[in-house]
$ cat protein_28.txt   # compact mmCIF, C-alpha atoms
# COMPACT_ATOMS: atom_id res chain seq x y z
CA LEU A 283 123.46 88.20 96.09
CA ILE A 284 123.28 90.58 99.03
CA VAL A 285 120.27 89.61 101.17
CA MET A 286 118.62 91.71 103.87
CA ASP A 287 117.22 89.61 106.71
CA GLU A 288 114.21 90.37 108.92
CA ASN A 289 116.42 92.42 111.24
CA GLY A 290 117.69 94.64 108.44
CA GLU A 291 121.16 93.09 108.46
CA THR A 292 122.85 92.21 105.17
CA LEU A 293 124.77 89.07 104.27
CA SER A 294 126.34 87.62 101.15
CA CYS A 295 124.45 84.64 99.73
CA GLN A 296 125.11 82.12 97.00
CA LEU A 297 122.24 81.12 94.72
CA ARG A 298 120.90 77.70 93.87
CA GLN A 299 121.08 77.46 90.10
CA ASN A 300 117.59 76.04 89.62
CA LEU A 301 115.91 79.22 90.92
CA GLY A 302 116.47 81.23 87.73
CA THR A 303 117.08 84.96 87.68
CA ILE A 304 116.68 86.84 90.96
CA VAL A 305 116.64 90.63 90.91
CA CYS A 306 116.68 93.52 93.34
CA GLY A 307 113.43 93.70 95.30
CA ASP A 308 112.73 89.95 95.15
CA HIS A 309 111.62 88.19 98.32
CA VAL A 310 113.70 85.10 98.97
CA VAL A 311 114.12 82.24 101.42
CA PHE A 312 117.71 81.71 102.54
CA GLU A 313 119.68 79.52 104.91
CA THR A 314 122.60 80.79 106.95
CA LEU A 315 125.72 78.72 106.43
CA ASP A 316 128.46 78.96 109.06
CA THR A 317 127.00 81.11 111.87
CA SER A 318 130.35 81.27 113.65
CA SER A 319 132.05 83.18 110.83
CA GLU A 320 131.94 86.95 110.40
CA PRO A 321 130.54 88.30 108.22
CA LYS A 322 127.77 85.71 108.00
CA THR A 323 127.08 84.02 104.67
CA GLY A 324 124.16 82.05 103.35
CA ILE A 325 122.50 80.37 100.39
CA VAL A 326 119.23 81.36 98.72
CA VAL A 327 116.97 78.30 98.47
CA GLY A 328 113.63 79.77 97.41
CA LEU A 329 112.04 82.67 95.53
CA GLY A 330 108.79 84.26 96.65
CA SER A 331 105.98 85.29 94.30
CA ARG A 332 106.34 88.64 92.54
CA ASN A 333 103.79 91.43 92.34
CA ASN A 334 105.55 92.71 89.22
CA ILE A 335 108.92 92.90 87.50
CA LEU A 336 110.43 95.78 85.54
CA LEU A 337 111.99 94.62 82.27
CA LYS A 338 113.98 96.48 79.67
CA SER A 339 115.54 95.67 76.33
CA GLY A 340 119.04 94.38 76.94
CA PHE A 341 121.93 93.22 74.77
CA GLY A 342 120.73 91.85 71.44
CA GLY A 343 117.15 92.88 72.19
CA LYS A 344 116.76 90.25 74.92
CA ALA A 345 114.66 91.05 77.99
CA LYS A 346 116.70 92.12 81.00
CA ALA A 347 115.15 92.23 84.47
CA VAL A 348 115.82 95.43 86.45
CA ALA A 349 113.89 95.04 89.73
CA ALA A 350 110.79 93.38 91.20
CA ASN A 351 107.90 94.14 93.56
CA ILE A 352 107.91 97.86 92.75
CA GLY A 353 105.21 100.20 94.02
CA GLN A 354 106.51 103.47 92.57
CA VAL A 355 108.73 104.38 89.63
CA ILE A 356 110.56 107.67 90.18
CA VAL A 357 111.59 108.93 86.74
CA VAL A 358 114.49 111.32 87.36
CA CYS A 359 115.49 113.87 84.74
CA SER A 360 117.49 117.05 85.21
CA LEU A 361 118.22 120.39 83.64
CA VAL A 362 121.69 119.07 82.80
CA PRO A 363 121.66 116.85 80.79
CA LYS A 364 118.52 118.17 79.11
CA PRO A 365 115.37 116.07 79.73
CA ASN A 366 114.28 113.68 76.99
CA SER A 367 110.48 113.50 76.88
CA TYR A 368 110.63 110.41 74.65
CA LEU A 369 112.59 108.59 77.36
CA ILE A 370 110.18 109.82 80.04
CA ASP A 371 107.25 108.48 77.99
CA ARG A 372 108.85 105.04 77.73
CA TYR A 373 109.40 104.85 81.47
CA LEU A 374 105.77 105.92 82.02
CA VAL A 375 104.52 103.21 79.66
CA ALA A 376 106.57 100.62 81.57
CA ALA A 377 105.33 101.89 84.94
CA GLU A 378 101.66 101.90 83.94
CA ASN A 379 101.94 98.27 82.85
CA LEU A 380 103.63 96.98 86.02
CA PRO A 381 101.39 98.54 87.39
CA ALA A 382 103.21 101.04 89.60
CA LYS A 383 102.70 104.69 90.44
CA PRO A 384 104.95 106.94 88.30
CA ILE A 385 106.39 110.18 89.66
CA ILE A 386 108.48 112.56 87.54
CA VAL A 387 111.35 114.37 89.28
CA ILE A 388 113.13 117.32 87.65
CA ASN A 389 116.44 117.39 89.49
CA LYS A 390 119.23 120.01 89.64
CA ILE A 391 116.57 122.73 89.74
CA ASP A 392 119.28 124.97 91.24
CA LEU A 393 120.60 125.29 87.66
CA LEU A 394 117.38 126.98 86.52
CA ASP A 395 117.91 130.09 84.41
CA GLU A 396 116.20 132.04 81.64
CA GLU A 397 117.56 129.73 78.94
CA ASN A 398 116.22 126.47 80.40
CA GLU A 399 113.13 127.75 82.22
CA HIS A 400 110.95 126.70 79.28
CA VAL A 401 112.10 123.08 79.75
CA VAL A 402 110.66 122.93 83.26
CA ASN A 403 107.49 124.70 82.15
CA ASP A 404 107.02 122.28 79.24
CA ILE A 405 107.38 119.17 81.42
CA ASN A 406 104.97 120.56 84.02
CA THR A 407 102.47 121.59 81.36
CA ILE A 408 102.54 118.27 79.51
CA TYR A 409 102.65 115.74 82.33
CA ASP A 410 100.90 117.54 85.18
CA THR A 411 98.01 118.33 82.84
CA ILE A 412 97.34 114.64 82.13
CA GLY A 413 97.56 113.65 85.80
CA TYR A 414 101.18 112.88 86.66
CA ARG A 415 102.89 114.28 89.74
CA VAL A 416 105.90 116.40 88.79
CA LEU A 417 108.34 117.39 91.54
CA GLU A 418 111.26 119.82 91.26
CA THR A 419 114.28 118.93 93.40
CA SER A 420 117.84 119.96 94.19
CA ALA A 421 119.96 117.90 96.56
CA THR A 422 122.48 120.76 96.59
CA GLU A 423 119.95 123.23 97.98
CA SER A 424 117.60 120.63 99.58
CA THR A 425 114.76 121.87 97.38
CA GLY A 426 111.77 119.50 97.31
CA MET A 427 113.59 116.83 99.34
CA ASP A 428 111.11 116.76 102.23
CA GLU A 429 108.26 116.31 99.76
CA LEU A 430 110.14 113.56 97.91
CA GLN A 431 110.88 111.76 101.18
CA SER A 432 107.18 111.93 102.08
CA MET A 433 106.24 110.42 98.70
CA LEU A 434 108.65 107.51 99.22
CA ALA A 435 107.39 106.58 102.69
CA ASP A 436 105.78 103.15 103.11
CA ALA A 437 106.37 102.07 99.50
CA THR A 438 109.03 100.30 97.48
CA SER A 439 110.26 102.85 94.95
CA ILE A 440 112.90 102.70 92.23
CA LEU A 441 114.92 105.63 90.91
CA VAL A 442 115.39 105.41 87.14
CA GLY A 443 116.80 107.73 84.50
CA LEU A 444 119.78 108.70 82.42
CA SER A 445 123.30 108.73 83.79
CA CYS A 446 124.41 112.03 85.35
CA VAL A 447 120.92 113.25 86.32
CA GLY A 448 121.86 113.22 90.02
CA LYS A 449 120.18 110.06 91.33
CA SER A 450 123.14 109.33 93.62
CA SER A 451 122.92 112.84 95.10
CA LEU A 452 119.24 112.31 95.84
CA VAL A 453 120.00 108.98 97.51
CA LYS A 454 122.69 110.55 99.70
CA ASP A 455 120.29 113.29 100.80
CA LEU A 456 117.48 110.81 101.55
CA LEU A 457 119.82 108.44 103.40
CA PRO A 458 122.12 110.46 105.67
CA ASP A 459 124.03 107.32 106.70
CA ILE A 460 124.43 106.09 103.11
CA ASP A 461 128.20 105.69 103.51
CA ILE A 462 127.63 103.38 106.47
CA ARG A 463 125.07 101.35 104.54
CA ILE A 464 127.33 101.11 101.48
CA GLY A 465 130.13 100.00 103.80
CA GLU A 466 127.94 97.25 105.22
CA ILE A 467 127.05 96.07 101.73
CA SER A 468 130.69 96.18 100.65
CA GLU A 469 131.61 94.08 103.67
CA ALA A 470 128.85 91.59 102.96
CA SER A 471 129.88 91.30 99.32
CA LYS A 472 133.58 91.21 100.24
CA GLU A 473 134.21 94.06 97.81
CA GLY A 474 136.26 97.09 98.73
CA LYS A 475 133.87 99.62 97.24
CA HIS A 476 130.34 99.95 95.99
CA THR A 477 129.27 101.78 92.84
CA THR A 478 125.89 101.95 91.14
CA THR A 479 126.59 99.25 88.57
CA VAL A 480 123.79 97.03 89.86
CA SER A 481 120.48 97.86 91.49
CA THR A 482 120.63 98.08 95.29
CA LEU A 483 117.76 98.31 97.78
CA TYR A 484 117.94 100.46 100.92
CA SER A 485 115.53 100.81 103.86
CA LEU A 486 114.32 104.37 104.31
CA PRO A 487 114.27 105.97 107.80
CA THR A 488 110.70 107.14 107.10
CA GLY A 489 109.55 103.62 106.19
CA GLY A 490 109.53 101.90 102.84
CA HIS A 491 112.41 100.96 100.56
CA LEU A 492 114.34 102.72 97.83
CA ILE A 493 116.00 100.92 94.92
CA ASP A 494 118.91 102.81 93.40
CA SER A 495 119.37 101.59 89.82
CA PRO A 496 122.31 102.28 87.48
CA GLY A 497 122.00 105.23 85.13
CA VAL A 498 121.24 104.34 81.52
CA ARG A 499 121.97 105.79 78.11
CA ASP A 500 118.60 104.59 76.85
CA PHE A 501 115.57 102.63 78.01
CA SER A 502 113.01 100.62 76.07
CA PRO A 503 110.19 98.62 77.65
CA ILE A 504 109.95 95.13 76.20
CA ASN A 505 107.36 92.42 75.50
CA LEU A 506 104.47 94.89 75.34
CA GLY A 507 101.55 94.33 72.98
CA LYS A 508 99.39 97.01 71.35
CA GLU A 509 96.88 97.03 74.21
CA GLN A 510 99.63 97.42 76.80
CA ILE A 511 101.23 100.27 74.88
CA MET A 512 97.84 102.01 74.66
CA ASN A 513 97.42 101.36 78.40
CA GLY A 514 100.70 103.19 78.98
CA PHE A 515 99.36 106.47 77.58
CA ILE A 516 96.80 107.47 80.18
CA GLU A 517 95.54 110.44 78.17
CA LEU A 518 94.52 108.11 75.31
CA LYS A 519 92.66 105.54 77.43
CA PRO A 520 89.26 107.28 77.08
CA TYR A 521 89.53 106.94 73.29
CA SER A 522 90.60 103.29 73.18
CA GLY A 523 88.31 101.26 70.91
CA LYS A 524 86.34 104.32 69.79
CA CYS A 525 87.90 104.96 66.39
CA LYS A 526 85.10 105.44 63.84
CA PHE A 527 87.15 103.60 61.19
CA ALA A 528 86.79 99.88 61.95
CA ASN A 529 89.78 98.84 59.84
CA CYS A 530 92.15 101.55 61.11
CA SER A 531 95.57 100.21 62.14
CA HIS A 532 96.66 103.45 63.87
CA THR A 533 100.09 103.08 62.27
CA HIS A 534 99.80 105.77 59.60

$ encode --input "protein_28.txt" --output "structure tokens"
Amino acid sequence: LIVMDENGETLSCQLRQNLGTIVCGDHVVFETLDTSSEPKTGIVVGLGSRNNILLKSGFGGKAKAVAANIGQVIVVCSLVPKPNSYLIDRYLVAAENLPAKPIIVINKIDLLDEENEHVVNDINTIYDTIGYRVLETSATESTGMDELQSMLADATSILVGLSCVGKSSLVKDLLPDIDIRIGEISEASKEGKHTTTVSTLYSLPTGGHLIDSPGVRDFSPINLGKEQIMNGFIELKPYSGKCKFANCSHTH
């Protein structure tokens, strides 16, 4: 594990096996081992309580933890590849049940043209109408980046979405010294390079933290019952329990 101490410095830590699974965003207790060595190393000896934990369906349908103690879920889609509203809905259902504040980001807005303009209009019409914040961004042209940075301040946020939607470009724009930070993490982990194959947490210069998670090909929330799924669709909440047919299963 790479642990950030109270001074914002990172160090590589081993994990006591009896602590179970620890994920990005967890609060831990650690002990420094040999303070004379550089870089410093340590061992995680305790896990703090969690406000929430984001789970997804992993290999064989088993629950896989993504990150913990999340305040905001930033669902990133882009004009290329084309947004998948079904995937957006599943992320929103997961976010509502954490609970965490969901924000939808349409990235690569610099690729907007007459052929894909309707995609942006559809997302804004559907999700903004029912109360979700939709933000259009382009790291290439710095469109919407100041507003995104303001939204991320003083919160722990996670970027989620398909591979190739430009999450890494957003991170680089939000964190001007990202190469330095990645270098520090690489040094702490004793690896020569760092790629987004695991979730990594960064401190934001405006306050708060940003978790950069690996891109996915698919996402499915897991271990949700009927009430939780209903809770995930905010536009249906006013109608929950009000069906006039007492024996209706709502499955056909």

$ atom_distance --input "protein_28.txt" --atom1 "atom CA of Val358 of chain A" --atom2 "atom CA of Thr303 of chain A"
26.5 Å

$ closest_residue --input "protein_28.txt" --among "A:Pro520, A:Gly443, A:Gly324, A:Gly353" --to "Val310 of chain A" --atoms "only C-alpha atoms"
A:Gly324

$ closest_residue --input "protein_28.txt" --among "A:Ala350, A:Lys344, A:Thr419, A:Leu430" --to "Ala377 of chain A" --atoms "all atoms listed in the file"
A:Ala350

$ atom_distance --input "protein_28.txt" --atom1 "atom CA of Ala349 of chain A" --atom2 "atom CA of Ile386 of chain A"
18.5 Å

$ residues_near_point --input "protein_28.txt" --point "(120.3, 75.3, 92.9)" --cutoff "10 Å" --atoms "only C-alpha atoms" --output "count of residues only"
11

$ atom_distance --input "protein_28.txt" --atom1 "atom CA of Asn333 of chain A" --atom2 "atom CA of Ile352 of chain A"
7.6 Å

$ residues_near_point --input "protein_28.txt" --point "(113.7, 96.3, 79.6)" --cutoff "12 Å" --atoms "only C-alpha atoms" --output "PDB file with C-alpha atoms, keeping the file's coordinate frame"
ATOM      1  CA  ILE A 335     108.920  92.900  87.500  1.00  0.00           C
ATOM      2  CA  LEU A 336     110.430  95.780  85.540  1.00  0.00           C
ATOM      3  CA  LEU A 337     111.990  94.620  82.270  1.00  0.00           C
ATOM      4  CA  LYS A 338     113.980  96.480  79.670  1.00  0.00           C
ATOM      5  CA  SER A 339     115.540  95.670  76.330  1.00  0.00           C
ATOM      6  CA  GLY A 340     119.040  94.380  76.940  1.00  0.00           C
ATOM      7  CA  PHE A 341     121.930  93.220  74.770  1.00  0.00           C
ATOM      8  CA  GLY A 342     120.730  91.850  71.440  1.00  0.00           C
ATOM      9  CA  GLY A 343     117.150  92.880  72.190  1.00  0.00           C
ATOM     10  CA  LYS A 344     116.760  90.250  74.920  1.00  0.00           C
ATOM     11  CA  ALA A 345     114.660  91.050  77.990  1.00  0.00           C
ATOM     12  CA  LYS A 346     116.700  92.120  81.000  1.00  0.00           C
ATOM     13  CA  ALA A 347     115.150  92.230  84.470  1.00  0.00           C
ATOM     14  CA  VAL A 348     115.820  95.430  86.450  1.00  0.00           C
ATOM     15  CA  ALA A 349     113.890  95.040  89.730  1.00  0.00           C
ATOM     16  CA  ARG A 372     108.850 105.040  77.730  1.00  0.00           C
ATOM     17  CA  TYR A 373     109.400 104.850  81.470  1.00  0.00           C
ATOM     18  CA  VAL A 375     104.520 103.210  79.660  1.00  0.00           C
ATOM     19  CA  ALA A 376     106.570 100.620  81.570  1.00  0.00           C
ATOM     20  CA  ALA A 377     105.330 101.890  84.940  1.00  0.00           C
ATOM     21  CA  LEU A 380     103.630  96.980  86.020  1.00  0.00           C
ATOM     22  CA  VAL A 442     115.390 105.410  87.140  1.00  0.00           C
ATOM     23  CA  VAL A 498     121.240 104.340  81.520  1.00  0.00           C
ATOM     24  CA  ASP A 500     118.600 104.590  76.850  1.00  0.00           C
ATOM     25  CA  PHE A 501     115.570 102.630  78.010  1.00  0.00           C
ATOM     26  CA  SER A 502     113.010 100.620  76.070  1.00  0.00           C
ATOM     27  CA  PRO A 503     110.190  98.620  77.650  1.00  0.00           C
ATOM     28  CA  ILE A 504     109.950  95.130  76.200  1.00  0.00           C
ATOM     29  CA  ASN A 505     107.360  92.420  75.500  1.00  0.00           C
ATOM     30  CA  LEU A 506     104.470  94.890  75.340  1.00  0.00           C
TER      31      LEU A 506
END

$ closest_residue --input "protein_28.txt" --among "A:Ser495, A:Thr482, A:Thr425, A:Ser432" --to "Val357 of chain A" --atoms "all atoms listed in the file"
A:Ser495

$ residues_around --input "protein_28.txt" --residues "Ile388 of chain A" --least-positions-apart "3" --cutoff "7 Å" --atoms "all atoms listed in the file" --output "ChimeraX atom specification"
/A:358-360,391,417-419

$ closest_residue --input "protein_28.txt" --among "A:Tyr484, A:Phe515, A:Tyr368, A:Tyr409" --to "Thr438 of chain A" --atoms "all atoms listed in the file"
A:Tyr484

$ closest_residue --input "protein_28.txt" --among "A:Cys530, A:Leu483, A:Ile440, A:Leu434" --to "Val285 of chain A" --atoms "only C-alpha atoms"
A:Leu483

$ closest_residue --input "protein_28.txt" --among "A:Pro384, A:Gly307, A:Pro496, A:Gly489" --to "Val416 of chain A" --atoms "all atoms listed in the file"
A:Pro384

$ residues_around --input "protein_28.txt" --residues "Ser420 of chain A" --least-positions-apart "3" --cutoff "8 Å" --atoms "only C-alpha atoms" --output "ChimeraX atom specification"
/A:389-392,423-427,452

$ write_last_selection --input "protein_28.txt" --atoms "C-alpha atoms" --output "mmCIF file, in the frame of the given file"
data_model
loop_
_atom_site.group_PDB
_atom_site.id
_atom_site.type_symbol
_atom_site.label_atom_id
_atom_site.label_comp_id
_atom_site.auth_asym_id
_atom_site.auth_seq_id
_atom_site.Cartn_x
_atom_site.Cartn_y
_atom_site.Cartn_z
ATOM 1 C CA ASN A 389 116.440 117.390 89.490
ATOM 2 C CA LYS A 390 119.230 120.010 89.640
ATOM 3 C CA ILE A 391 116.570 122.730 89.740
ATOM 4 C CA ASP A 392 119.280 124.970 91.240
ATOM 5 C CA GLU A 423 119.950 123.230 97.980
ATOM 6 C CA SER A 424 117.600 120.630 99.580
ATOM 7 C CA THR A 425 114.760 121.870 97.380
ATOM 8 C CA GLY A 426 111.770 119.500 97.310
ATOM 9 C CA MET A 427 113.590 116.830 99.340
ATOM 10 C CA LEU A 452 119.240 112.310 95.840
#

$ residues_around --input "protein_28.txt" --residues "Leu293 of chain A" --least-positions-apart "5" --cutoff "6 Å" --atoms "only C-alpha atoms" --output "count of residues only"
5
